[in-house]
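Here is the structure we will look at, set down as C-alpha cells.
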Amino acid sequence: MCGITGHFSFEKSFNARKFIAANNIIKYRGPDDYGYITINTNFEITEWKEEQLENYSGNDTIGAFGFRRLSIIDLSKLGHQPMKDSTSNYWIIFNGEIYNYIEIRDELKRKGYCFKSNSDTEVILNAYDYWGSECLHKFNGMWAFCIFDKKNKKIFCARDRFGIKPFYYTFQNKSFSFASEIKQLLELFPSTFNRMNKRLAFDFLAFGSYGNETSETYFGGIIKLNAGCYLEIDLQNNISKVKEKVWWNLSNINNINSLNNIEIFEKIAFLLEDSIKLRLRSDVPVGTPLSGGLDSSGIVSLLNNIYNGDAAKNKVFTITSNDKTNDDTYYANLIIDKIPVTSYINKFENNANLEELKKLIWHQEEPIQTASIFGSWQLYDFLKNKGITVALDGQGADELMGGYNTYPFRKYLLDTLKTKGITYYLGQVMKISNVYNKSVSEIIRNTFISFVIESSKSFNPQYFYSMKIKDLKLFFNTDFLNHQLHKSKIISKNYNSNSVKNSSILKQESYDLTRHTNLPGILRQVDRNSMAFSVESRLPFLDYRLVDFLYSLPADYMIKNGFTKYAYRNSMKRVIPKEVLWRKSKIGFKMPEFDLLNKNKIFVMDHLLSNSNENYLNKSIIEKEFKLMISDKVMYNSIVWRALCFSIWKKKFNLE
C-alpha cells in the first residue's frame, strides 16, 4: 500500500534533507500522495504539506514521520497520512491493509466513535484508542505501522502476524529510526551500514538461504521487527533500549478432534473463499497471477464463484517460458479453458535482460536465490502495464500444507511411522506405491534413508551440513568458509526464543518454514517486486483464521494417500478442474536460470570476476565451473547464479 519513515532522538539529530531523501527514495511504494509531521521538545506537532519540506526550519525537532501513499481504499484526500484521530492524541503512519476494517468500524461506531473517512487507517487509530495494543488481535490483514501517542509520550510500532509488510529499524547515536525498506535507513545514515552480515552471506551462498532465521539483516546494525511482534518506546526515557513483545504466534495446542472430514474440507473452502472476498475490498482494479499450480488455480476458481462467472472481472496473468521443463502453462491453460476468465499471457524471455538484474537487486536489497524472482519481477511489471493495482497471490499454502514434500515423501513416511504406527505406515506405503507406480521396497528404503538423514541432522548437524556442501567447498575462500560454517543458523537451527516445538516432523517443518525460513523470505521478495511497480500483493492463504485452522489439523491432513495438500485438494473438489486438482507434479514458479546465464556470458563473467567477490569466493574456480557449464561438460550448478547475484548486490550497496 505505502511506505513509511520515522526518526526519534533527543540529541537534536534530525536532518530534514536526509529525512526527505529517505522518504522519497521509495516513491514507487507511494506515488499518489506524501506527508510529514515533526514533533518538537514540547511534544507539539507540525504538519507539513511540502514534498521537500522547503519551509522547514528549527533545531528543536525530536521526532518525525514521513509517508508515501499508494491509494487503494478511500482514494480521497481523507485517506492522507500521517493521520490523526479526532482528539489529536494519536498520529499514525501505516503501510498495509486491514481487510475487516468495515466490521471493526461498525463495532467502534456502536461504542460511540465517529469517522471522517472510509479508510482503514482511521479504524486503526480508533481501535488503538479503545483497545490499546490488544487491537492487533482484532485486525485481519497485513500491516506495519507506527502510532505517536501524544497523550502518553510514546510510540507504538507493530507488524502483522506473518510479516507480510516490512518494518526495519536501527538505534544510532541515541536515536531510533525505522522504515519500510533498508535503503531508507542508508539515506538517513550514509556510510554507517557498509559492513555486511557475513553469517547471512555464507548461508545464502552455501545453502541458498533467505537469511530470515533471526531478526538480523544482511546489513550489520539494521534489524527487522519480527512478524507478530510490536515495540513500545517511552519517549521520556532512554529510547536506545527496547525489547520486542510477541503478540501472536502459531500454536499446536488446538488440534481439531470434534470435526469429521466433510466438515473439515467444507470449513477450509469457506475460510478461503471468505478470505478472498475480504481481499477484494478495493477501490482500484484487482487481478490474479495464475501459474497453473494448485494455489493460484484455487484462487481463480473461487473467484469464478464470487464473480458469478463474469470473465471480465476475473482477470488472470501468466508468465510462460520457452523451457518446457520449467513451464506450467499446460495446467494454467486448463484453468483458462474451463473457467470464464480474461487471460493475459507474457513470455519470460521477451524481457529477460540480465542488466535488469541490477535494478531488481537494488529493490530487493539482498542477493536473490533463483531466477524465479526475476520472473516474479516481470509479472508485476506486466500487471501494472495492464492497469492492475491489486494482485491476489498464492504464497503461504506450500508452507502450511506440505507442498514442498514430493515423492518419495521421506519425511512424511518417517513422521507417519513415528506417530501412527507400523500398520498405518504400511497402508500409506501401498497408497504411494499405487499412485506413483513404484515398488514397496523402494519406498520403505527411502523411509530408512530419511531416518538416517534426520538422525544425522539432530545428533551431528555440523557433520551433516558439512557433507551436504562438500562439493561446494572448493568454490569458497577457505578463511571465509572456516570462520562462518560453525556460525550458520541453517546448521544450528538456533532461531529466536519465540519458537514453538512440535513432536510431528511435518508440523515442525511447517512451523519453521512459516515463521523462520522460507515464507518470511518469499514475503519480502513479493513485497519488493510488487511495490517496485506500485502494485499491492494480497495473500488469501495467509488469512489468520485459515492459517490457525490448517495448522491445528493433524499432519495427515497435509499429506495422505500419496498427495500433498490433502485436505485442501478435497476442499476444492467442486471448483478446481479434476486434472489440475489431482496433478502429481510440482514445478513451482521457475524460470530458465541456466539459459539466462548462457545467453549473457559476458555480463556474467564480468561480475563473477569482480573484486567484490574476493575474500568470500574462489573466483578462478567459479569461472572454470561456468565455462564448463556453458560448454556442456558439467551439469548446471546454482552456485554460479548465487555468486553472480552476491557480486552485484555487494557492489550495488558498497559493502565490505
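In the C-alpha cells, chains take the letters A, B, ... in the order shown, each chain's residues start at 1, and ligands count up from 1 in the order shown.
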
### Query
Excluding same-chain residues fewer than 3 positions from stretch 399-410 of chain A, what lies within 9 Å of it counting only C-alpha atoms, as an MDAnalysis selection string?
chainID A and resid 395:396 413:415 432 436 442:444 446:451 506:507 509:514 518:519 547 550:551 555 557:559 562:568 584:586

### Task
For A:Met531, list every protein, DNA or RNA residue within 9 Å, evaluated using only C-alpha atoms, and leave out those in the same chain fewer than 6 positions away; present the list as a list in words.
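Surrounding residues, per the criterion: Met1, Cys2, Tyr28, Arg29, Gly30, Tyr380 and Ser537 of chain A.
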
### Task
For A:Ile39, list every protein, DNA or RNA residue within 8 Å, evaluated using only C-alpha atoms, and leave out those in the same chain fewer than 2 positions away; present the list as a ChimeraX atom specification.
/A:37,41-46,61-64

Since we have the selection now, will you write its residues out, keeping C-alpha atoms, as a PDB file, in the first residue's frame?
```
ATOM      1  CA  ILE A  37       4.866  15.699  10.652  1.00  0.00           C
ATOM      2  CA  THR A  41      10.708  19.078  22.511  1.00  0.00           C
ATOM      3  CA  ASN A  42       7.308  20.069  23.968  1.00  0.00           C
ATOM      4  CA  PHE A  43       5.680  17.230  22.010  1.00  0.00           C
ATOM      5  CA  GLU A  44       3.896  19.729  19.806  1.00  0.00           C
ATOM      6  CA  ILE A  45       3.200  18.601  16.246  1.00  0.00           C
ATOM      7  CA  THR A  46       3.643  20.474  12.975  1.00  0.00           C
ATOM      8  CA  THR A  61      12.714  18.526  16.447  1.00  0.00           C
ATOM      9  CA  ILE A  62      12.815  15.274  18.439  1.00  0.00           C
ATOM     10  CA  GLY A  63      10.725  13.183  16.071  1.00  0.00           C
ATOM     11  CA  ALA A  64       9.343  12.977  12.556  1.00  0.00           C
TER      12      ALA A  64
END
```

What lies within 10 Å of A:Thr370 using only C-alpha atoms, ignoring chain neighbours under 3 positions off, as a CSV table (one decimal) with C-alpha atoms, in the first residue's frame?
```
chain,number,residue,atom,x,y,z
A,208,GLY,CA,20.5,-20.6,-0.8
A,367,PRO,CA,21.1,-11.2,-3.3
A,373,ILE,CA,12.4,-13.9,-8.5
A,374,PHE,CA,13.3,-12.3,-11.8
A,375,GLY,CA,10.1,-13.9,-13.3
A,590,LYS,CA,10.6,-21.4,-12.1
A,591,MET,CA,12.5,-19.6,-14.8
A,592,PRO,CA,15.2,-20.9,-17.1
A,593,GLU,CA,18.2,-19.9,-15.0
A,638,SER,CA,23.3,-22.9,-9.0
A,641,TRP,CA,23.8,-17.8,-10.0
A,642,ARG,CA,24.2,-17.0,-6.3
A,645,CYS,CA,23.8,-12.0,-7.5
```

### Spatial neighbours of A:Ser610, 12 Å, only C-alpha atoms, chain gap at least 6 places, as a ChimeraX atom specification
/A:603-604,616-620,622-623,643-651

What's the 12 Å shell around A:Lys627, counting only C-alpha atoms, without same-chain residues fewer than 2 positions away, as a PDB file with N, CA and C atoms, in the first residue's frame?
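Final file, around_3.pdb:
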```pdb
ATOM      1  N   LEU A 597      21.822 -17.342 -17.979  1.00  0.00           N
ATOM      2  CA  LEU A 597      23.257 -17.129 -17.791  1.00  0.00           C
ATOM      3  C   LEU A 597      24.018 -17.390 -19.089  1.00  0.00           C
ATOM      4  N   ASN A 598      23.619 -18.423 -19.776  1.00  0.00           N
ATOM      5  CA  ASN A 598      24.304 -18.831 -21.004  1.00  0.00           C
ATOM      6  C   ASN A 598      24.201 -17.760 -22.095  1.00  0.00           C
ATOM      7  N   LYS A 601      26.778 -14.350 -21.337  1.00  0.00           N
ATOM      8  CA  LYS A 601      28.077 -14.822 -20.855  1.00  0.00           C
ATOM      9  C   LYS A 601      28.994 -13.682 -20.425  1.00  0.00           C
ATOM     10  N   ILE A 602      29.069 -12.640 -21.242  1.00  0.00           N
ATOM     11  CA  ILE A 602      29.992 -11.537 -20.939  1.00  0.00           C
ATOM     12  C   ILE A 602      29.581 -10.833 -19.652  1.00  0.00           C
ATOM     13  N   VAL A 604      27.874 -12.085 -17.194  1.00  0.00           N
ATOM     14  CA  VAL A 604      28.119 -12.993 -16.071  1.00  0.00           C
ATOM     15  C   VAL A 604      29.598 -13.019 -15.705  1.00  0.00           C
ATOM     16  N   MET A 605      30.470 -13.154 -16.688  1.00  0.00           N
ATOM     17  CA  MET A 605      31.903 -13.228 -16.414  1.00  0.00           C
ATOM     18  C   MET A 605      32.420 -11.942 -15.788  1.00  0.00           C
ATOM     19  N   LEU A 608      31.327 -12.179 -12.134  1.00  0.00           N
ATOM     20  CA  LEU A 608      31.940 -13.276 -11.381  1.00  0.00           C
ATOM     21  C   LEU A 608      33.397 -12.982 -11.055  1.00  0.00           C
ATOM     22  N   SER A 620      38.540 -17.980  -9.483  1.00  0.00           N
ATOM     23  CA  SER A 620      39.056 -18.792 -10.584  1.00  0.00           C
ATOM     24  C   SER A 620      38.297 -20.107 -10.712  1.00  0.00           C
ATOM     25  N   ILE A 621      37.922 -20.705  -9.566  1.00  0.00           N
ATOM     26  CA  ILE A 621      37.178 -21.962  -9.600  1.00  0.00           C
ATOM     27  C   ILE A 621      35.767 -21.742 -10.147  1.00  0.00           C
ATOM     28  N   ILE A 622      35.139 -20.643  -9.734  1.00  0.00           N
ATOM     29  CA  ILE A 622      33.785 -20.352 -10.229  1.00  0.00           C
ATOM     30  C   ILE A 622      33.820 -20.034 -11.718  1.00  0.00           C
ATOM     31  N   GLU A 623      34.839 -19.308 -12.138  1.00  0.00           N
ATOM     32  CA  GLU A 623      34.993 -19.020 -13.568  1.00  0.00           C
ATOM     33  C   GLU A 623      35.127 -20.325 -14.359  1.00  0.00           C
ATOM     34  N   LYS A 624      35.954 -21.213 -13.851  1.00  0.00           N
ATOM     35  CA  LYS A 624      36.161 -22.504 -14.527  1.00  0.00           C
ATOM     36  C   LYS A 624      34.856 -23.291 -14.580  1.00  0.00           C
ATOM     37  N   GLU A 625      34.106 -23.305 -13.478  1.00  0.00           N
ATOM     38  CA  GLU A 625      32.845 -24.041 -13.427  1.00  0.00           C
ATOM     39  C   GLU A 625      31.849 -23.494 -14.453  1.00  0.00           C
ATOM     40  N   MET A 629      30.185 -25.409 -17.631  1.00  0.00           N
ATOM     41  CA  MET A 629      28.732 -25.499 -17.741  1.00  0.00           C
ATOM     42  C   MET A 629      28.254 -25.101 -19.129  1.00  0.00           C
ATOM     43  N   ILE A 630      28.728 -23.952 -19.607  1.00  0.00           N
ATOM     44  CA  ILE A 630      28.228 -23.457 -20.897  1.00  0.00           C
ATOM     45  C   ILE A 630      28.779 -24.251 -22.079  1.00  0.00           C
ATOM     46  N   SER A 631      29.790 -25.075 -21.826  1.00  0.00           N
ATOM     47  CA  SER A 631      30.289 -25.961 -22.883  1.00  0.00           C
ATOM     48  C   SER A 631      29.743 -27.381 -22.708  1.00  0.00           C
ATOM     49  N   ASP A 632      28.745 -27.521 -21.814  1.00  0.00           N
ATOM     50  CA  ASP A 632      28.045 -28.801 -21.593  1.00  0.00           C
ATOM     51  C   ASP A 632      28.955 -29.908 -21.081  1.00  0.00           C
ATOM     52  N   LYS A 633      29.996 -29.544 -20.339  1.00  0.00           N
ATOM     53  CA  LYS A 633      30.903 -30.554 -19.802  1.00  0.00           C
ATOM     54  C   LYS A 633      30.560 -30.946 -18.358  1.00  0.00           C
ATOM     55  N   VAL A 634      29.794 -30.090 -17.690  1.00  0.00           N
ATOM     56  CA  VAL A 634      29.306 -30.430 -16.348  1.00  0.00           C
ATOM     57  C   VAL A 634      27.853 -29.975 -16.245  1.00  0.00           C
ATOM     58  N   MET A 635      27.133 -30.549 -15.265  1.00  0.00           N
ATOM     59  CA  MET A 635      25.745 -30.157 -15.022  1.00  0.00           C
ATOM     60  C   MET A 635      25.683 -28.734 -14.477  1.00  0.00           C
ATOM     61  N   TYR A 636      24.531 -28.103 -14.635  1.00  0.00           N
ATOM     62  CA  TYR A 636      24.355 -26.752 -14.109  1.00  0.00           C
ATOM     63  C   TYR A 636      24.516 -26.736 -12.595  1.00  0.00           C
ATOM     64  N   ASN A 637      25.251 -25.752 -12.092  1.00  0.00           N
ATOM     65  CA  ASN A 637      25.491 -25.595 -10.666  1.00  0.00           C
ATOM     66  C   ASN A 637      24.979 -24.218 -10.238  1.00  0.00           C
ATOM     67  N   VAL A 640      26.749 -20.671  -9.224  1.00  0.00           N
ATOM     68  CA  VAL A 640      27.131 -19.617 -10.165  1.00  0.00           C
ATOM     69  C   VAL A 640      26.124 -18.475 -10.120  1.00  0.00           C
TER      70      VAL A 640
END
```

### Query
Can you tell me how far atom CA of A:Ile104 sits from atom CA of A:Gly141, in Å to one decimal?
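Here the two named atoms are 12.3 Å from each other.
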
### Message
What parts of stretch 194-439 of chain A does DSSP call helix (DSSP H, G or I)? I'd like the answer as a PyMOL selection string.
### Response
chain A and resi 198-207+261-279+294-306+324-326+329-338+348-351+356-364+372-385+397-400+410-420+422-436
